[in-house]
Structures are given as C-alpha cells and as structure tokens.
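Here is the structure we will look at.
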Amino acid sequence: MPRWLQARPFLLAGVLSWSNFQRQHKALLPAVTALFLLCGGLLTLPVVGSLLDIVAQYPVTPFVALAAGCAVATAHRKTVVYSSLVDSWLAPLAAPASIFIRMALVPVLQLVLLVLAIAIPAVAGSLRLASAVTLWLVVGAAYVAGFVVGWLASSDKSATAPAFQYVTIRKPRANWAQAPRLEPLSYWAMGQTRVSTKPKVTAGALLFVLMALPMGTGGEKAIAIAAGAWVVLHLAVLDVSAIRVAFSAARWLAPTTLRYVPFTVALGYRVVLAQLWTCGWVVFLTSAVALTGALRLGLVSTGECLVSSCAAIAVACWLAMRSAGMISGGGGNEH
C-alpha cells in the first residue's frame, strides 16, 4: 500500500473492505469485466448513437436529470461521511478524515464512465463529434453543479441516529428480551423510507423534474408527471431501504443461527405490502379517469414492480447473510 494511503485510515479501510469483498466473491471481477465489455459492444450500435444524437439536441433535460441525481447522491454521501466521523471505529484516531476525497471519488468515477460511454459511439462513428462534445460539456457541467449543490446542502452532523424519531416501536411486549422477534426489521425499512421521502427531500427532486419539462406543457400534464415521479421515487426508496437494512441487520444477527427464509420474509413482507398498497391506489385512480388501457397497464406494471422488488430483496438478503458469514459457500443455514 502507498504511504499516502496508509496515512489516511478512512481511505485505507475502504480499500481493504473492497479487497476482502472481491476475494470473498472471486467471480465478481470477471463478471464486472464481462458486463463492461458487453456494454461497450452495445454502445457501438448505430441506434445508440442516434439516441445520443437526439439527446444532444435537447441538452437541458439531461443536464437537469444528471444534476439532480448528483446533488441528491452528494447530499446523502455527505451525511454518511460526517456520521462516520462520530460512530466509526476510526473516529478516535488523530488522522486525516479525507472528507473531500471520499466525497469526490464516486462522482469522479461516474463522470469518467459517462465520458467513456459517450466516447465509444463517437469513435465507432455512430455519433457525430459535435453531439459528443455537447454531451461531454453537459455531463461535466451537470456533475459540477450537482456536486456543489449537494455539498452546500445542510446535513445533520449530530451524534444521534439520523431521523430516529420516524421509527416507532409497535406492540411492545413484556417478554421482549426473552422472546425476541424479527418483525422490527420491517419497521426499520419503513422508517428509513419515511426519512428518505420527507417533503423537504422529495421537493427538490420533483422541482428538477418540473424544470425538465418542455415549455408549453399543460398544468394537468405537469401535475400527473410530478405525481408519477413521486410514486416511482417512493417505490424505489422502499427497495433501497430494505436492502440497506438487510446488510445492517445481518451484521448484528451474525452470531445467531437465523435461517435465510425467516430473515427474508420478516424484512421484506411489509415493504412489499407497502408497494402493493401504493400501486393499488395508482391503478384505482388511473382507471377511474377512464384512460385507454390504463387498467391493463397498471396491473402489468404492479406485477412487474412486485416481482422485481421480491427478487431484489431476496438477493440482497442472501448477499447480506453470506457477507456476514451466516450462509456458507455450501449452503449453510440458507434453508
């Protein structure tokens, strides 16, 4: 390891963590390499160059979308980085926290990948050089603006758990210590969803969505698009919250003999029910306005959403238990 990396324990811990994860999952590096080669081959197709050429003609929409995503991700990363200065086991060390490097590393990597994704069709000849230059400028400006906005966003630097008041203990029992249950795991996932979908958080994302609408869009269409964006954001946050809770809970439950199926069901059933409730209301409201094919499209989208959520939660729980040593390579306690 280089000396400058050894002098920065937070960066060194991250590098060692990724190295151990790659050693534990030896097929990860070949799979990622094959995925990148496949994506590179797809980017050489003429249809991809044509689509990017069309996107370059309307630079405002990709700029707003990329800036909004980068701003939200940077604000979240800022909260995580500052929280690690308090609750990390490296916090007591009198060593550099490397805040800026940890904040800028992920956006820089994403920016490099996007630049390469635009360069491949340009080299292949399916994308005009003028359009490629326009997209490069849009991507660079969007990431710079999003990073600055996310960095300047206020964050909670207190030592308490962020937004802990959104998770409530329901049905308290006198024999809690003698007969613990896994049901609170689903409450934590729902609590994280409430935190991530607070109005002051979603308002910024919806603002960028409305700004990306072309001029002349009617008020009814704008409201419908904003409502659809909020629903998609809510469904996605439910999955992300369940995945985050799965990895956190697996580390705490590693000393137990908990099996895979009870852990997955206890963690994901309330998330799936919440998605079913949300999609049910969307289907009801869209079918009530008598749009052509709204009921069929809503039912198909609901089924796809539930299936993808169940699959994502199941895979996340398996990976979480495997990374925590609760499932061995030969199967272990997975049944």
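Identifiers for the structure tokens are assigned positionally: chains receive A, B, ... in sequence, residues are indexed from 1 per chain, and ligands are indexed from 1 in the order shown.
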
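The environment of A:Trp4 within 12 Å, counting only C-alpha atoms and disregarding residues fewer than 5 places along the same chain, consists of A:Pro9, A:Phe10, A:Leu11, A:Leu12, A:Ala95, A:Pro96, A:Ser98.
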
Identify, on the basis of only C-alpha atoms, every residue whose closest approach to A:Phe247 does not exceed 9 Å; exclude the query and any residue fewer than 5 positions from it along the same chain; express the result as JSON, numbers by chain.
{"A": [242, 316, 317, 319, 320, 321, 323, 324]}

List every residue of stretch 180-239 of chain A that has an atom at most 12 Å from any atom of stretch 125-148 of chain A, and for each one report the closest atom pair and its distance in Å to one decimal, counting only C-alpha atoms, with rows sorted by chain and then by increasing residue number, as JSON lines.
```
{"residue": "A:Gly204", "atom": "CA", "partner": "A:Gly146", "partner_atom": "CA", "distance": 11.9}
{"residue": "A:Ala205", "atom": "CA", "partner": "A:Gly146", "partner_atom": "CA", "distance": 11.8}
{"residue": "A:Phe208", "atom": "CA", "partner": "A:Gly146", "partner_atom": "CA", "distance": 11.2}
```

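Ranking A:Ala13, A:Ser328, A:Gln110, A:Glu220 by their shortest atom-to-atom distance to A:Trp89, with only C-alpha atoms included, puts A:Ala13 first.
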
To one decimal in Å, tell me the separation between atom CA of A:Thr202 and atom CA of A:Ala266.
27.7 Å

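Every protein, DNA or RNA residue with an atom at most 9 Å from stretch 304-315 of chain A, where only C-alpha atoms count and chain neighbours fewer than 6 positions away do not, is listed here: Leu235, Ala236, Leu238, Asp239, Val240, Ala242, Ile243, Ala246, Val261, Thr264, Val265, Leu267, Gly268, Tyr269, Val271, Val272, Gln275, Leu276 and Cys279 of chain A.
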
Those residues you just picked out, can you put them in a file as an mmCIF file, in the first residue's frame with C-alpha atoms?
```cif
data_model
loop_
_atom_site.group_PDB
_atom_site.id
_atom_site.type_symbol
_atom_site.label_atom_id
_atom_site.label_comp_id
_atom_site.auth_asym_id
_atom_site.auth_seq_id
_atom_site.Cartn_x
_atom_site.Cartn_y
_atom_site.Cartn_z
ATOM 1 C CA LEU A 235 -41.260 2.547 -4.743
ATOM 2 C CA ALA A 236 -37.521 2.745 -5.413
ATOM 3 C CA LEU A 238 -38.698 1.184 -0.388
ATOM 4 C CA ASP A 239 -36.403 -1.289 -2.140
ATOM 5 C CA VAL A 240 -33.249 0.649 -1.282
ATOM 6 C CA ALA A 242 -34.931 -2.830 2.600
ATOM 7 C CA ILE A 243 -31.548 -3.592 1.026
ATOM 8 C CA ALA A 246 -30.654 -6.261 5.235
ATOM 9 C CA VAL A 261 -36.196 -17.707 4.657
ATOM 10 C CA THR A 264 -36.050 -12.521 4.186
ATOM 11 C CA VAL A 265 -39.761 -12.788 4.960
ATOM 12 C CA LEU A 267 -37.564 -8.000 6.442
ATOM 13 C CA GLY A 268 -39.410 -7.740 3.153
ATOM 14 C CA TYR A 269 -43.074 -8.529 3.732
ATOM 15 C CA VAL A 271 -42.096 -3.393 2.149
ATOM 16 C CA VAL A 272 -43.918 -5.500 -0.437
ATOM 17 C CA GLN A 275 -45.659 -1.223 -2.566
ATOM 18 C CA LEU A 276 -48.842 -3.191 -3.218
ATOM 19 C CA CYS A 279 -49.650 0.552 -6.697
#
```

Mind pulling up the distance from atom CA of A:Gly218 to atom CA of A:Ala288?
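The value is 20.7 Å.
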
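Closest approach to A:Leu37 from the set A:Arg8, A:Ala226, A:His76, A:Ala117 is made by A:Ala117, with distances taken over only C-alpha atoms.
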
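Considering the residues A:Ala67, A:Met211, A:Val106, A:Val80 and counting only C-alpha atoms, A:Val149 has its shortest atom-to-atom contact with A:Ala67.
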
List the neighbours of A:Leu206 out to 10 Å using only C-alpha atoms; skip same-chain residues closer than 6 positions along the sequence, and give me the result as a PyMOL selection string.
chain A and resi 68+199+212+225-227+229-230+233

One decimal, Å: what's the distance from atom CA of A:Ala97 over to atom CA of A:Leu152, could you say?
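According to the coordinates, atom CA of A:Ala97 and atom CA of A:Leu152 are separated by 18.7 Å.
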
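The neighbours of A:Val237 here are the residues that come within 12 Å of it, using only C-alpha atoms and leaving out any residue fewer than 6 positions away in the same chain; they are A:Ala189, A:Met190, A:Gly191, A:Gln192, A:Thr193, A:Arg194, A:Val195, A:Ser196, A:Thr197, A:Lys198, A:Val201, A:Thr202, A:Trp230, A:Val231, A:Ile243, A:Arg244, A:Val271, A:Ala274, A:Gln275, A:Ser309.
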
Name the residues of stretch 2-58 of chain A that fall into alpha helix (DSSP H) according to DSSP on the backbone, using the chain letters and numbers of this document, as an NGL selection string.
:A and (3-6 or 9-24 or 28-43 or 46-57)

Just N, CA and C atoms for this one: save the residues we selected as a short mmCIF file (atom, residue, chain, number, x, y, z; two decimals), in the first residue's frame.
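Output file selection-v4.cif is given in full below:
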```
data_model
loop_
_atom_site.label_atom_id
_atom_site.label_comp_id
_atom_site.auth_asym_id
_atom_site.auth_seq_id
_atom_site.Cartn_x
_atom_site.Cartn_y
_atom_site.Cartn_z
N ARG A 3 2.28 4.97 0.88
CA ARG A 3 2.36 5.62 2.19
C ARG A 3 1.25 6.66 2.38
N TRP A 4 0.91 7.37 1.29
CA TRP A 4 -0.14 8.38 1.45
C TRP A 4 -1.47 7.73 1.76
N LEU A 5 -1.68 6.49 1.29
CA LEU A 5 -2.91 5.77 1.61
C LEU A 5 -2.87 5.24 3.04
N GLN A 6 -1.71 4.77 3.50
CA GLN A 6 -1.59 4.29 4.86
C GLN A 6 -1.78 5.41 5.87
N PRO A 9 -6.51 6.59 7.28
CA PRO A 9 -7.15 5.33 7.69
C PRO A 9 -8.53 5.11 7.10
N PHE A 10 -9.29 6.18 6.89
CA PHE A 10 -10.64 6.01 6.33
C PHE A 10 -10.56 5.47 4.90
N LEU A 11 -9.63 6.01 4.10
CA LEU A 11 -9.46 5.52 2.75
C LEU A 11 -8.88 4.10 2.74
N LEU A 12 -7.95 3.85 3.64
CA LEU A 12 -7.34 2.52 3.70
C LEU A 12 -8.37 1.47 4.10
N ALA A 13 -9.25 1.82 5.04
CA ALA A 13 -10.28 0.87 5.46
C ALA A 13 -11.23 0.56 4.30
N GLY A 14 -11.56 1.58 3.49
CA GLY A 14 -12.42 1.33 2.34
C GLY A 14 -11.76 0.44 1.30
N VAL A 15 -10.47 0.68 1.04
CA VAL A 15 -9.74 -0.16 0.07
C VAL A 15 -9.65 -1.60 0.55
N LEU A 16 -9.35 -1.79 1.83
CA LEU A 16 -9.26 -3.15 2.38
C LEU A 16 -10.62 -3.84 2.37
N SER A 17 -11.67 -3.08 2.63
CA SER A 17 -13.01 -3.67 2.60
C SER A 17 -13.37 -4.16 1.21
N TRP A 18 -13.11 -3.34 0.19
CA TRP A 18 -13.38 -3.76 -1.18
C TRP A 18 -12.50 -4.94 -1.58
N SER A 19 -11.25 -4.94 -1.13
CA SER A 19 -10.35 -6.04 -1.46
C SER A 19 -10.84 -7.35 -0.84
N ASN A 20 -11.25 -7.29 0.41
CA ASN A 20 -11.78 -8.50 1.06
C ASN A 20 -13.06 -8.98 0.40
N PHE A 21 -13.92 -8.03 0.01
CA PHE A 21 -15.17 -8.40 -0.67
C PHE A 21 -14.88 -9.08 -2.00
N GLN A 22 -13.87 -8.57 -2.72
CA GLN A 22 -13.54 -9.17 -4.01
C GLN A 22 -12.92 -10.56 -3.83
N ARG A 23 -12.14 -10.73 -2.78
CA ARG A 23 -11.57 -12.05 -2.52
C ARG A 23 -12.63 -13.04 -2.11
N GLN A 24 -13.65 -12.57 -1.38
CA GLN A 24 -14.72 -13.47 -0.96
C GLN A 24 -15.60 -13.86 -2.14
N LEU A 28 -16.71 -11.96 -8.99
CA LEU A 28 -17.23 -10.61 -9.18
C LEU A 28 -16.44 -9.85 -10.24
N LEU A 29 -15.10 -9.89 -10.16
CA LEU A 29 -14.28 -9.14 -11.11
C LEU A 29 -14.46 -9.63 -12.55
N PRO A 30 -14.42 -10.94 -12.83
CA PRO A 30 -14.71 -11.37 -14.21
C PRO A 30 -16.11 -11.00 -14.68
N ALA A 31 -17.09 -11.07 -13.77
CA ALA A 31 -18.46 -10.71 -14.16
C ALA A 31 -18.56 -9.23 -14.51
N VAL A 32 -17.92 -8.37 -13.69
CA VAL A 32 -17.96 -6.94 -13.98
C VAL A 32 -17.22 -6.63 -15.28
N THR A 33 -16.10 -7.30 -15.51
CA THR A 33 -15.36 -7.10 -16.75
C THR A 33 -16.19 -7.50 -17.96
N ALA A 34 -16.86 -8.65 -17.86
CA ALA A 34 -17.72 -9.10 -18.96
C ALA A 34 -18.88 -8.13 -19.18
N LEU A 35 -19.42 -7.58 -18.08
CA LEU A 35 -20.52 -6.63 -18.21
C LEU A 35 -20.06 -5.35 -18.91
N PHE A 36 -18.87 -4.87 -18.56
CA PHE A 36 -18.34 -3.68 -19.21
C PHE A 36 -18.08 -3.92 -20.70
N LEU A 37 -17.56 -5.10 -21.04
CA LEU A 37 -17.33 -5.42 -22.45
C LEU A 37 -18.64 -5.50 -23.21
N LEU A 38 -19.66 -6.08 -22.56
CA LEU A 38 -20.97 -6.17 -23.21
C LEU A 38 -21.57 -4.78 -23.43
N CYS A 39 -21.47 -3.93 -22.41
CA CYS A 39 -21.98 -2.56 -22.56
C CYS A 39 -21.21 -1.80 -23.63
N GLY A 40 -19.88 -2.01 -23.68
CA GLY A 40 -19.09 -1.36 -24.72
C GLY A 40 -19.50 -1.81 -26.11
N GLY A 41 -19.82 -3.10 -26.26
CA GLY A 41 -20.30 -3.58 -27.56
C GLY A 41 -21.65 -3.01 -27.93
N LEU A 42 -22.54 -2.89 -26.95
CA LEU A 42 -23.86 -2.32 -27.23
C LEU A 42 -23.77 -0.84 -27.59
N LEU A 43 -22.81 -0.14 -27.00
CA LEU A 43 -22.67 1.28 -27.30
C LEU A 43 -22.19 1.55 -28.72
N PRO A 46 -25.55 1.40 -34.04
CA PRO A 46 -25.98 2.68 -34.62
C PRO A 46 -27.17 3.31 -33.90
N VAL A 47 -28.07 2.47 -33.36
CA VAL A 47 -29.25 3.03 -32.69
C VAL A 47 -28.87 3.81 -31.45
N VAL A 48 -27.80 3.38 -30.76
CA VAL A 48 -27.35 4.11 -29.57
C VAL A 48 -26.82 5.49 -29.96
N GLY A 49 -26.04 5.54 -31.04
CA GLY A 49 -25.55 6.83 -31.50
C GLY A 49 -26.67 7.76 -31.92
N SER A 50 -27.71 7.21 -32.55
CA SER A 50 -28.86 8.03 -32.94
C SER A 50 -29.59 8.59 -31.73
N LEU A 51 -29.77 7.74 -30.71
CA LEU A 51 -30.44 8.22 -29.49
C LEU A 51 -29.64 9.30 -28.79
N LEU A 52 -28.32 9.11 -28.71
CA LEU A 52 -27.48 10.14 -28.09
C LEU A 52 -27.48 11.42 -28.91
N ASP A 53 -27.58 11.29 -30.21
CA ASP A 53 -27.65 12.48 -31.07
C ASP A 53 -28.93 13.26 -30.80
N ILE A 54 -30.03 12.55 -30.57
CA ILE A 54 -31.29 13.23 -30.23
C ILE A 54 -31.20 13.89 -28.86
N VAL A 55 -30.58 13.19 -27.90
CA VAL A 55 -30.43 13.76 -26.56
C VAL A 55 -29.59 15.03 -26.61
N ALA A 56 -28.58 15.05 -27.47
CA ALA A 56 -27.71 16.24 -27.57
C ALA A 56 -28.45 17.45 -28.11
N GLN A 57 -29.55 17.23 -28.82
CA GLN A 57 -30.32 18.35 -29.34
C GLN A 57 -31.16 19.04 -28.26
#
```
